[in-house]
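run12.pdb, holding PDB, C-alpha atoms and all ligand atoms:
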```pdb
ATOM      1  CA  MET R   1     121.604 158.356 105.531
ATOM      2  CA  VAL R   2     121.887 160.226 102.238
ATOM      3  CA  ALA R   3     118.465 160.803 100.713
ATOM      4  CA  GLY R   4     119.260 161.786  97.128
ATOM      5  CA  ASP R   5     116.888 163.727  94.933
ATOM      6  CA  LEU R   6     115.142 162.156  91.951
ATOM      7  CA  ASP R   7     115.308 165.171  89.667
ATOM      8  CA  ARG R   8     118.884 166.254  90.398
ATOM      9  CA  CYS R   9     120.584 162.954  91.292
ATOM     10  CA  GLY R  10     118.499 160.405  89.392
ATOM     11  CA  TRP R  11     117.777 158.515  92.589
ATOM     12  CA  GLN R  12     115.955 159.079  95.845
ATOM     13  CA  ARG R  13     115.811 157.195  99.129
ATOM     14  CA  PHE R  14     112.600 157.073 101.157
ATOM     15  CA  ALA R  15     112.902 156.390 104.867
ATOM     16  CA  ALA R  16     111.552 153.184 106.332
ATOM     17  CA  THR R  17     107.970 153.254 107.557
ATOM     18  CA  PRO R  18     106.279 150.622 109.737
ATOM     19  CA  ALA R  19     103.762 149.918 106.953
ATOM     20  CA  ARG R  20     106.433 149.389 104.301
ATOM     21  CA  ARG R  21     108.527 147.306 106.694
ATOM     22  CA  ALA R  22     105.482 145.087 107.263
ATOM     23  CA  TRP R  23     104.951 144.778 103.493
ATOM     24  CA  ALA R  24     108.607 143.763 103.076
ATOM     25  CA  GLY R  25     108.095 141.033 105.685
ATOM     26  CA  TYR R  26     105.198 139.501 103.726
ATOM     27  CA  ALA R  27     107.075 139.837 100.448
ATOM     28  CA  CYS R  28     110.215 138.290 101.953
ATOM     29  CA  ALA R  29     108.248 135.261 103.158
ATOM     30  CA  ALA R  30     106.804 134.875  99.642
ATOM     31  CA  ALA R  31     110.297 135.242  98.157
ATOM     32  CA  LEU R  32     111.719 132.560 100.444
ATOM     33  CA  ALA R  33     108.878 130.197  99.482
ATOM     34  CA  TRP R  34     109.611 130.894  95.810
ATOM     35  CA  LEU R  35     113.312 130.160  96.322
ATOM     36  CA  GLU R  36     112.383 126.825  97.938
ATOM     37  CA  THR R  37     109.690 125.571  95.607
ATOM     38  CA  GLY R  38     109.181 128.199  92.902
ATOM     39  CA  ASP R  39     107.631 127.386  89.575
ATOM     40  CA  PRO R  40     109.332 128.447  87.412
ATOM     41  CA  ALA R  41     112.383 127.792  89.563
ATOM     42  CA  PRO R  42     114.946 130.565  90.094
ATOM     43  CA  LEU R  43     117.392 130.853  87.210
ATOM     44  CA  TRP R  44     120.836 131.068  88.772
ATOM     45  CA  ARG R  45     123.467 132.900  86.779
ATOM     46  CA  TYR R  46     127.110 133.902  87.278
ATOM     47  CA  GLY R  47     128.123 130.670  88.964
ATOM     48  CA  GLY R  48     125.013 130.482  91.137
ATOM     49  CA  THR R  49     125.411 133.983  92.566
ATOM     50  CA  TRP R  50     122.528 135.915  90.941
ATOM     51  CA  SER R  51     118.946 135.043  90.139
ATOM     52  CA  PRO R  52     117.182 137.912  88.317
ATOM     53  CA  GLY R  53     113.719 136.579  89.273
ATOM     54  CA  VAL R  54     111.714 138.482  86.662
ATOM     55  CA  ASP R  55     107.963 138.405  87.487
ATOM     56  CA  ALA R  56     108.675 136.080  90.428
ATOM     57  CA  LEU R  57     106.607 137.778  93.164
ATOM     58  CA  ASP R  58     102.936 136.822  93.019
ATOM     59  CA  ASN R  59     101.563 140.272  93.913
ATOM     60  CA  ASP R  60      98.455 141.924  92.506
ATOM     61  CA  GLU R  61      98.221 145.325  90.796
ATOM     62  CA  SER R  62      98.247 147.132  94.146
ATOM     63  CA  GLY R  63     101.428 145.321  95.139
ATOM     64  CA  ALA R  64      99.579 143.177  97.705
ATOM     65  CA  VAL R  65     101.120 139.763  98.206
ATOM     66  CA  ALA R  66     100.094 136.894 100.492
ATOM     67  CA  GLY R  67      97.749 139.040 102.585
ATOM     68  CA  SER R  68     100.099 142.020 102.941
ATOM     69  CA  GLY R  69      97.689 144.685 101.739
ATOM     70  CA  PRO R  70      98.701 147.192  99.038
ATOM     71  CA  LEU R  71     102.328 148.263  98.764
ATOM     72  CA  PRO R  72     102.747 151.562 100.649
ATOM     73  CA  ARG R  73     104.213 153.527  97.767
ATOM     74  CA  PRO R  74     106.519 156.441  98.470
ATOM     75  CA  LYS R  75     105.298 159.911  97.595
ATOM     76  CA  ALA R  76     107.638 161.337  94.971
ATOM     77  CA  PRO R  77     107.721 164.293  92.626
ATOM     78  CA  SER R  78     105.642 162.785  89.851
ATOM     79  CA  PRO R  79     107.267 164.279  86.711
ATOM     80  CA  GLY R  80     110.385 162.148  87.145
ATOM     81  CA  ALA R  81     108.425 159.035  88.072
ATOM     82  CA  PRO R  82     105.190 159.112  86.077
ATOM     83  CA  GLY R  83     102.483 156.960  87.582
ATOM     84  CA  LEU R  84     104.329 156.189  90.816
ATOM     85  CA  ALA R  85     101.260 156.976  92.897
ATOM     86  CA  LYS R  86      98.721 154.880  91.050
ATOM     87  CA  VAL R  87      99.967 152.892  88.044
ATOM     88  CA  PRO R  88      98.910 149.203  88.200
ATOM     89  CA  LEU R  89     101.890 147.134  89.307
ATOM     90  CA  HIS R  90     103.213 144.060  87.499
ATOM     91  CA  LYS R  91     104.501 141.002  89.348
ATOM     92  CA  ALA R  92     107.700 142.222  90.962
ATOM     93  CA  GLN R  93     111.156 141.093  89.981
ATOM     94  CA  LEU R  94     112.900 139.285  92.852
ATOM     95  CA  SER R  95     116.613 139.895  92.443
ATOM     96  CA  VAL R  96     118.632 137.550  94.670
ATOM     97  CA  LEU R  97     122.390 137.974  95.086
ATOM     98  CA  ARG R  98     124.710 135.616  96.922
ATOM     99  CA  PRO R  99     128.332 135.622  98.155
ATOM    100  CA  GLY R 100     130.905 135.688  95.385
ATOM    101  CA  TYR R 101     128.818 137.585  92.809
ATOM    102  CA  PRO R 102     129.814 137.561  89.964
ATOM    103  CA  ARG R 103     131.645 134.287  90.540
ATOM    104  CA  ALA R 104     131.967 133.119  86.915
ATOM    105  CA  PRO R 105     131.133 134.379  83.410
ATOM    106  CA  ASP R 106     127.642 133.660  82.180
ATOM    107  CA  GLY R 107     128.108 132.842  78.507
ATOM    108  CA  GLU R 108     129.523 136.279  77.794
ATOM    109  CA  SER R 109     132.793 137.595  76.365
ATOM    110  CA  PRO R 110     135.796 138.125  78.678
ATOM    111  CA  ALA R 111     135.393 141.883  78.085
ATOM    112  CA  ALA R 112     131.736 141.796  79.120
ATOM    113  CA  PHE R 113     132.607 139.840  82.258
ATOM    114  CA  ARG R 114     135.356 142.306  83.145
ATOM    115  CA  PHE R 115     132.819 145.109  82.701
ATOM    116  CA  ARG R 116     130.543 143.319  85.172
ATOM    117  CA  GLN R 117     133.405 142.930  87.641
ATOM    118  CA  HIS R 118     134.916 146.399  87.365
ATOM    119  CA  ARG R 119     132.020 148.592  86.199
ATOM    120  CA  ASP R 120     129.235 146.915  88.190
ATOM    121  CA  GLY R 121     127.582 145.734  84.951
ATOM    122  CA  ALA R 122     126.384 149.338  84.487
ATOM    123  CA  HIS R 123     123.357 149.552  82.212
ATOM    124  CA  LEU R 124     120.242 151.443  81.258
ATOM    125  CA  ASP R 125     117.041 149.473  81.837
ATOM    126  CA  GLY R 126     114.875 148.864  78.791
ATOM    127  CA  LEU R 127     117.659 149.261  76.227
ATOM    128  CA  LEU R 128     117.562 145.718  74.905
ATOM    129  CA  PRO R 129     120.156 143.864  72.778
ATOM    130  CA  ILE R 130     118.342 143.110  69.520
ATOM    131  CA  GLY R 131     119.315 140.642  66.801
ATOM    132  CA  PRO R 132     122.474 138.584  66.339
ATOM    133  CA  LYS R 133     124.598 141.738  66.569
ATOM    134  CA  ARG R 134     122.884 142.705  69.849
ATOM    135  CA  ARG R 135     122.251 146.288  68.747
ATOM    136  CA  ARG R 136     120.742 148.372  71.541
ATOM    137  CA  MET R 137     117.183 149.571  71.051
ATOM    138  CA  LEU R 138     114.832 151.181  73.543
ATOM    139  CA  ARG R 139     112.119 148.530  73.471
ATOM    140  CA  GLU R 140     110.987 148.593  77.119
ATOM    141  CA  PRO R 141     110.633 152.199  78.277
ATOM    142  CA  HIS R 142     109.959 152.178  82.012
ATOM    143  CA  ALA R 143     108.132 154.851  83.974
ATOM    144  CA  PHE R 144     110.441 154.414  86.980
ATOM    145  CA  ILE R 145     112.385 151.777  88.894
ATOM    146  CA  LEU R 146     111.317 151.182  92.479
ATOM    147  CA  GLY R 147     113.513 148.929  94.628
ATOM    148  CA  LEU R 148     112.297 147.485  97.928
ATOM    149  CA  PRO R 149     114.850 145.581 100.025
ATOM    150  CA  LEU R 150     113.293 142.490 101.557
ATOM    151  CA  ASN R 151     115.989 141.432 104.032
ATOM    152  CA  ASP R 152     118.833 142.844 106.102
ATOM    153  CA  THR R 153     122.373 142.633 104.741
ATOM    154  CA  GLY R 154     125.697 144.382 105.201
ATOM    155  CA  PRO R 155     126.702 147.226 102.865
ATOM    156  CA  GLY R 156     129.129 144.990 100.937
ATOM    157  CA  ALA R 157     126.459 142.496  99.864
ATOM    158  CA  SER R 158     126.409 143.571  96.199
ATOM    159  CA  PRO R 159     124.520 146.840  96.659
ATOM    160  CA  LEU R 160     122.711 148.618  93.876
ATOM    161  CA  VAL R 161     125.019 151.271  92.387
ATOM    162  CA  VAL R 162     124.012 154.428  90.520
ATOM    163  CA  TRP R 163     125.931 157.119  88.654
ATOM    164  CA  GLU R 164     124.535 160.323  90.023
ATOM    165  CA  GLY R 165     123.212 162.709  87.386
ATOM    166  CA  SER R 166     123.656 160.174  84.588
ATOM    167  CA  HIS R 167     119.916 160.272  83.822
ATOM    168  CA  ARG R 168     120.287 163.696  82.227
ATOM    169  CA  ILE R 169     123.270 162.634  80.086
ATOM    170  CA  LEU R 170     121.598 159.429  78.877
ATOM    171  CA  GLN R 171     118.171 160.954  78.362
ATOM    172  CA  GLY R 172     119.747 163.810  76.371
ATOM    173  CA  ALA R 173     121.878 161.504  74.216
ATOM    174  CA  ILE R 174     119.011 159.149  73.447
ATOM    175  CA  GLY R 175     116.600 162.012  72.765
ATOM    176  CA  ALA R 176     119.107 163.535  70.324
ATOM    177  CA  ALA R 177     119.615 160.182  68.581
ATOM    178  CA  LEU R 178     115.866 159.615  68.190
ATOM    179  CA  ALA R 179     114.996 163.189  67.150
ATOM    180  CA  PRO R 180     115.734 162.792  63.398
ATOM    181  CA  HIS R 181     113.445 159.740  63.192
ATOM    182  CA  LYS R 182     109.663 159.435  63.073
ATOM    183  CA  PRO R 183     108.284 158.456  66.528
ATOM    184  CA  ALA R 184     106.699 155.320  65.077
ATOM    185  CA  THR R 185     110.177 154.007  64.221
ATOM    186  CA  TRP R 186     111.850 154.868  67.549
ATOM    187  CA  PRO R 187     111.781 151.290  68.908
ATOM    188  CA  ASP R 188     113.845 150.210  65.872
ATOM    189  CA  VAL R 189     116.471 152.959  65.994
ATOM    190  CA  ASP R 190     119.948 151.571  66.717
ATOM    191  CA  LEU R 191     121.124 153.439  69.819
ATOM    192  CA  THR R 192     124.291 151.420  70.413
ATOM    193  CA  GLU R 193     126.867 154.096  69.599
ATOM    194  CA  PRO R 194     125.182 157.107  71.228
ATOM    195  CA  TYR R 195     124.447 154.967  74.308
ATOM    196  CA  GLN R 196     128.039 153.772  74.642
ATOM    197  CA  ALA R 197     129.436 157.276  74.146
ATOM    198  CA  ALA R 198     127.034 158.700  76.738
ATOM    199  CA  ARG R 199     127.866 155.890  79.166
ATOM    200  CA  ARG R 200     131.567 156.712  78.861
ATOM    201  CA  ARG R 201     130.732 160.336  79.677
ATOM    202  CA  CYS R 202     128.799 159.171  82.748
ATOM    203  CA  PHE R 203     131.805 157.179  83.984
ATOM    204  CA  GLU R 204     134.036 160.229  83.495
ATOM    205  CA  THR R 205     131.808 162.867  85.031
ATOM    206  CA  CYS R 206     129.278 161.260  87.408
ATOM    207  CA  ARG R 207     129.817 160.140  90.994
ATOM    208  CA  ARG R 208     129.366 156.390  91.574
ATOM    209  CA  VAL R 209     127.046 155.920  94.558
ATOM    210  CA  PRO R 210     126.395 152.520  96.203
ATOM    211  CA  LEU R 211     122.867 152.430  97.654
ATOM    212  CA  HIS R 212     122.716 150.030 100.557
ATOM    213  CA  ALA R 213     119.217 149.956 102.050
ATOM    214  CA  ALA R 214     117.149 148.076 104.616
ATOM    215  CA  PRO R 215     113.638 146.559 104.617
ATOM    216  CA  GLY R 216     111.015 149.307 104.924
ATOM    217  CA  GLU R 217     113.091 151.777 102.928
ATOM    218  CA  ALA R 218     112.373 152.378  99.247
ATOM    219  CA  LEU R 219     114.859 153.328  96.532
ATOM    220  CA  LEU R 220     113.410 155.181  93.573
ATOM    221  CA  LEU R 221     115.524 155.372  90.413
ATOM    222  CA  HIS R 222     114.876 157.684  87.500
ATOM    223  CA  ARG R 223     114.122 155.529  84.456
ATOM    224  CA  ALA R 224     117.173 156.870  82.567
ATOM    225  CA  VAL R 225     119.773 156.567  85.326
ATOM    226  CA  LEU R 226     122.864 154.413  84.733
ATOM    227  CA  HIS R 227     122.964 151.690  87.393
ATOM    228  CA  GLY R 228     124.326 148.251  88.203
ATOM    229  CA  MET R 229     125.227 145.882  91.015
ATOM    230  CA  ALA R 230     128.569 145.980  92.838
ATOM    231  CA  PRO R 231     130.582 142.766  93.227
ATOM    232  CA  TRP R 232     130.035 140.997  96.552
ATOM    233  CA  GLU R 233     132.718 141.976  99.083
ATOM    234  CA  ASP R 234     134.397 139.111 100.927
ATOM    235  CA  GLY R 235     132.807 138.617 104.327
ATOM    236  CA  ALA R 236     129.774 140.836 103.668
ATOM    237  CA  ALA R 237     126.965 139.993 106.072
ATOM    238  CA  ALA R 238     123.834 138.363 104.669
ATOM    239  CA  PRO R 239     121.346 135.661 105.611
ATOM    240  CA  PRO R 240     121.736 132.232 103.949
ATOM    241  CA  GLU R 241     119.282 133.111 101.188
ATOM    242  CA  GLY R 242     121.420 136.080 100.109
ATOM    243  CA  ARG R 243     120.310 139.653  99.463
ATOM    244  CA  ILE R 244     116.760 139.913  98.092
ATOM    245  CA  VAL R 245     115.268 143.052  96.548
ATOM    246  CA  ALA R 246     111.854 143.416  94.887
ATOM    247  CA  TYR R 247     111.803 145.722  91.859
ATOM    248  CA  PHE R 248     108.828 147.308  90.145
ATOM    249  CA  ARG R 249     109.450 148.742  86.668
ATOM    250  CA  PRO R 250     106.109 149.518  84.981
ATOM    251  CA  THR R 251     106.426 150.379  81.325
ATOM    252  CA  THR R 252     105.422 153.686  79.771
ATOM    253  CA  THR R 253     105.527 155.294  76.330
ATOM    254  CA  LEU R 254     108.752 156.386  74.662
ATOM    255  CA  ARG R 255     107.439 159.957  74.543
ATOM    256  CA  THR R 256     106.964 159.919  78.314
ATOM    257  CA  TRP R 257     110.361 158.259  78.795
ATOM    258  CA  LEU R 258     112.029 161.196  77.042
ATOM    259  CA  ARG R 259     110.255 163.810  79.190
ATOM    260  CA  ASP R 260     111.350 165.117  82.633
TER     261      ASP R 260
HETATM  262 FE    FE F 301     118.618 147.417  85.815
END
```

Output the file's structure in the form of structure tokens.
Amino acid sequence: MVAGDLDRCGWQRFAATPARRAWAGYACAAALAWLETGDPAPLWRYGGTWSPGVDALDNDESGAVAGSGPLPRPKAPSPGAPGLAKVPLHKAQLSVLRPGYPRAPDGESPAAFRFRQHRDGAHLDGLLPIGPKRRRMLREPHAFILGLPLNDTGPGASPLVVWEGSHRILQGAIGAALAPHKPATWPDVDLTEPYQAARRRCFETCRRVPLHAAPGEALLLHRAVLHGMAPWEDGAAAPPEGRIVAYFRPTTTLRTWLRD
């Protein structure tokens, strides 16, 4: 199994451990209960094939959920993932994907839907569409993105996809676009054009890597890496509930986001 390297590739895979596999079992049981009776209920998008599940896992700041004990966090080079070892964790996102993803547009333009189908909906986390013109601004700088698969699926069950090395291109482009502005105004700087130009460069020059993983493994993404979700392949193996992954994305400062 390819391991990656956070600094060079923008992603890193950590091998399964018994402790993390046990944690995934507790979290999966909590996720299944949430899918059955959750309040708020899962919000199904793209024709019932994706529920983003933001803040859906009822874990505490250590990652403990339903008696699991703290999340066994991977040990990573800290500069590229500030706070990974000890930052308090928010309630995890529970991303649930089901056969057919993305089955139908979700109130978006035909071009945006095609992008989701053919470019895996590639995006940079935290770069939010602001205002009626949906201009991209870096309003939610994350320290890192940590993905923890909660159930077993086949490799074609809409895996996470990354563009290897794209974190350096995007971080550089956004840093250059923010540099002429005072730091206090950075959250309001329109990054739409530099982001789109840098994203095109990533598509042209970076290798697209699907990251299929199993419960007990951990996938660490650099906060600036371009990533998305592949369309579901016909016949991909998955349990009836679909593919479930818990994501932790603690926020940090913009200054930290631009470093390392
Ligand atoms: Fe994302």

Starting from the PyMOL selection byres (((chain R and resi 212) around 6) and not hetatm), expand the selection into actual residues of this file and give them as a PyMOL selection string. chain R and resi 155+159+211+213

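With all atoms listed in the file as the basis for measurement, R:Gly228 is the residue among R:Gly228, R:Pro239, R:Pro42, R:Gly25 that approaches ligand FE 301 (chain F) most closely.
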
What do you get, as a list in words, if you spell out every residue that the PyMOL selection byres (((not hetatm)) within 7 of (chain F and resi 301)) selects here? His123, Leu124, Asp125, His227 and Gly228 of chain R

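In this comparison, which uses only C-alpha atoms, the residue of R:Val161, R:Ile174, R:Val96, R:Leu191 approaching Pro129 in chain R most closely is R:Leu191.
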
Close residues, Arg168 in chain R itself excluded, 12 Å, all atoms listed in the file, min 3 positions apart in chain, as an MDAnalysis selection string: chainID R and resid 6:11 80 163:165 171:176 198:199 201:202 205:206 222:226 257:260

Place a sphere of radius 7 Å on (105.4, 155.3, 88.4) in the file coordinates and name every protein, DNA or RNA residue with an atom inside or on its surface, counting all atoms listed in the file; give the answer as a PDB file with C-alpha atoms, keeping the file's coordinate frame.
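And here is the file that came out, result27.pdb:
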```
ATOM      1  CA  ALA R  81     108.425 159.035  88.072  1.00  0.00           C
ATOM      2  CA  PRO R  82     105.190 159.112  86.077  1.00  0.00           C
ATOM      3  CA  GLY R  83     102.483 156.960  87.582  1.00  0.00           C
ATOM      4  CA  LEU R  84     104.329 156.189  90.816  1.00  0.00           C
ATOM      5  CA  ALA R  85     101.260 156.976  92.897  1.00  0.00           C
ATOM      6  CA  VAL R  87      99.967 152.892  88.044  1.00  0.00           C
ATOM      7  CA  ALA R 143     108.132 154.851  83.974  1.00  0.00           C
ATOM      8  CA  PHE R 144     110.441 154.414  86.980  1.00  0.00           C
ATOM      9  CA  PRO R 250     106.109 149.518  84.981  1.00  0.00           C
TER      10      PRO R 250
END
```

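We find CA of Gly147 in chain R and CA of Phe248 in chain R to be spaced 6.7 Å apart.
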
With range 50-72 of chain R as the partner and 12 Å as the cut-off, tabulate the residues of range 119-165 of chain R that qualify, each row holding the nearest pair of atoms and their distance in Å to one decimal, using only C-alpha atoms, sorted by chain and rising number, as CSV.
```
residue,atom,partner,partner_atom,distance
R:Leu146,CA,R:Leu71,CA,11.4
R:Gly147,CA,R:Leu71,CA,11.9
R:Leu148,CA,R:Leu71,CA,10.0
R:Leu150,CA,R:Leu57,CA,11.7
R:Ala157,CA,R:Trp50,CA,11.8
R:Ser158,CA,R:Trp50,CA,10.1
```

With a distance cut-off of 9 Å and all atoms listed in the file, select the neighbouring residues of Ala3 in chain R, excluding the residue or stretch itself and same-chain residues fewer than 6 positions from it, and output the selection as JSON, numbers by chain. {"R": [11, 12, 13, 14, 15]}

Could you please take those selected residues and save C-alpha atoms as a PDB file, keeping the file's coordinate frame?
```pdb
ATOM      1  CA  TRP R  11     117.777 158.515  92.589  1.00  0.00           C
ATOM      2  CA  GLN R  12     115.955 159.079  95.845  1.00  0.00           C
ATOM      3  CA  ARG R  13     115.811 157.195  99.129  1.00  0.00           C
ATOM      4  CA  PHE R  14     112.600 157.073 101.157  1.00  0.00           C
ATOM      5  CA  ALA R  15     112.902 156.390 104.867  1.00  0.00           C
TER       6      ALA R  15
END
```

Find the residues near Val189 in chain R: any atom within 9 Å, counting all atoms listed in the file, skip ones fewer than 2 places away on the same chain, and give them as a compact mmCIF listing (two decimals) with C-alpha atoms, keeping the file's coordinate frame.
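Dumped everything to out_23.txt:
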```txt
# COMPACT_ATOMS: atom_id res chain seq x y z
CA ARG R 136 120.74 148.37 71.54
CA MET R 137 117.18 149.57 71.05
CA LEU R 138 114.83 151.18 73.54
CA ALA R 177 119.62 160.18 68.58
CA LEU R 178 115.87 159.62 68.19
CA HIS R 181 113.44 159.74 63.19
CA THR R 185 110.18 154.01 64.22
CA TRP R 186 111.85 154.87 67.55
CA PRO R 187 111.78 151.29 68.91
CA LEU R 191 121.12 153.44 69.82
```

Quick one: of R:Met229, R:Arg139, R:Ala236, R:Arg208, who's nearest to Asp188 in chain R, counting all atoms listed in the file? R:Arg139

Across R:Leu254, R:Val162, R:Ala24, R:Leu220, the smallest distance to Pro77 in chain R, with all atoms listed in the file counted, is shown by R:Leu220

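Proximity of R:Trp232, R:Pro88, R:Pro79, R:Ser166 to Arg103 in chain R, computed with all atoms listed in the file, is greatest for R:Trp232.
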
At a cut-off of 12 Å, using only C-alpha atoms, what residues contact His118 in chain R? Leave out same-chain residues fewer than 4 positions from it and give the result as number ranges by chain. R: 102, 111-114, 122, 203, 228-232

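Interatomic distance, CA of Tyr101 in chain R to CA of Asp120 in chain R: 10.4 Å.
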
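Each of R:Leu127, R:Ala19, R:Thr253, R:Leu170 was checked against Pro183 in chain R using all atoms listed in the file; the smallest atom-to-atom distance is that of R:Thr253.
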
Where atoms are absent from range 143-166 of chain R, fill them in so it carries N, CA and C atoms, then output it as a compact mmCIF listing (two decimals), in the coordinates of the input.
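As a result, part.txt now contains:
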```
# COMPACT_ATOMS: atom_id res chain seq x y z
N ALA R 143 108.54 153.58 83.35
CA ALA R 143 108.13 154.85 83.97
C ALA R 143 109.10 155.22 85.10
N PHE R 144 109.53 154.22 85.85
CA PHE R 144 110.44 154.41 86.98
C PHE R 144 110.93 153.04 87.41
N ILE R 145 111.91 153.03 88.29
CA ILE R 145 112.38 151.78 88.89
C ILE R 145 112.28 151.96 90.40
N LEU R 146 111.51 151.09 91.03
CA LEU R 146 111.32 151.18 92.48
C LEU R 146 111.86 149.92 93.12
N GLY R 147 112.89 150.07 93.97
CA GLY R 147 113.51 148.93 94.63
C GLY R 147 113.12 148.87 96.09
N LEU R 148 112.72 147.68 96.54
CA LEU R 148 112.30 147.49 97.93
C LEU R 148 113.08 146.33 98.53
N PRO R 149 114.05 146.65 99.39
CA PRO R 149 114.85 145.58 100.02
C PRO R 149 113.94 144.70 100.89
N LEU R 150 114.16 143.40 100.80
CA LEU R 150 113.29 142.49 101.56
C LEU R 150 113.98 141.88 102.77
N ASN R 151 115.32 141.98 102.84
CA ASN R 151 115.99 141.43 104.03
C ASN R 151 117.20 142.29 104.39
N ASP R 152 117.71 142.04 105.59
CA ASP R 152 118.83 142.84 106.10
C ASP R 152 120.16 142.24 105.67
N THR R 153 121.03 143.08 105.12
CA THR R 153 122.37 142.63 104.74
C THR R 153 123.38 143.72 105.10
N GLY R 154 124.66 143.38 105.03
CA GLY R 154 125.70 144.38 105.20
C GLY R 154 125.85 145.21 103.93
N PRO R 155 126.56 146.33 104.04
CA PRO R 155 126.70 147.23 102.86
C PRO R 155 127.51 146.62 101.73
N GLY R 156 128.31 145.57 102.00
CA GLY R 156 129.13 144.99 100.94
C GLY R 156 128.45 143.85 100.19
N ALA R 157 127.18 143.61 100.49
CA ALA R 157 126.46 142.50 99.86
C ALA R 157 125.89 142.93 98.52
N SER R 158 126.79 143.20 97.57
CA SER R 158 126.41 143.57 96.20
C SER R 158 125.30 144.62 96.15
N PRO R 159 125.57 145.81 96.70
CA PRO R 159 124.52 146.84 96.66
C PRO R 159 124.24 147.33 95.24
N LEU R 160 123.05 147.87 95.08
CA LEU R 160 122.71 148.62 93.88
C LEU R 160 123.66 149.82 93.80
N VAL R 161 124.10 150.14 92.59
CA VAL R 161 125.02 151.27 92.39
C VAL R 161 124.42 152.19 91.33
N VAL R 162 124.48 153.49 91.55
CA VAL R 162 124.01 154.43 90.52
C VAL R 162 125.11 155.44 90.22
N TRP R 163 125.05 156.00 89.03
CA TRP R 163 125.93 157.12 88.65
C TRP R 163 125.07 158.38 88.71
N GLU R 164 125.40 159.19 89.71
CA GLU R 164 124.54 160.32 90.02
C GLU R 164 124.52 161.35 88.89
N GLY R 165 123.35 161.72 88.46
CA GLY R 165 123.21 162.71 87.39
C GLY R 165 123.26 162.10 86.00
N SER R 166 123.52 160.80 85.90
CA SER R 166 123.66 160.17 84.59
C SER R 166 122.34 160.16 83.82
```
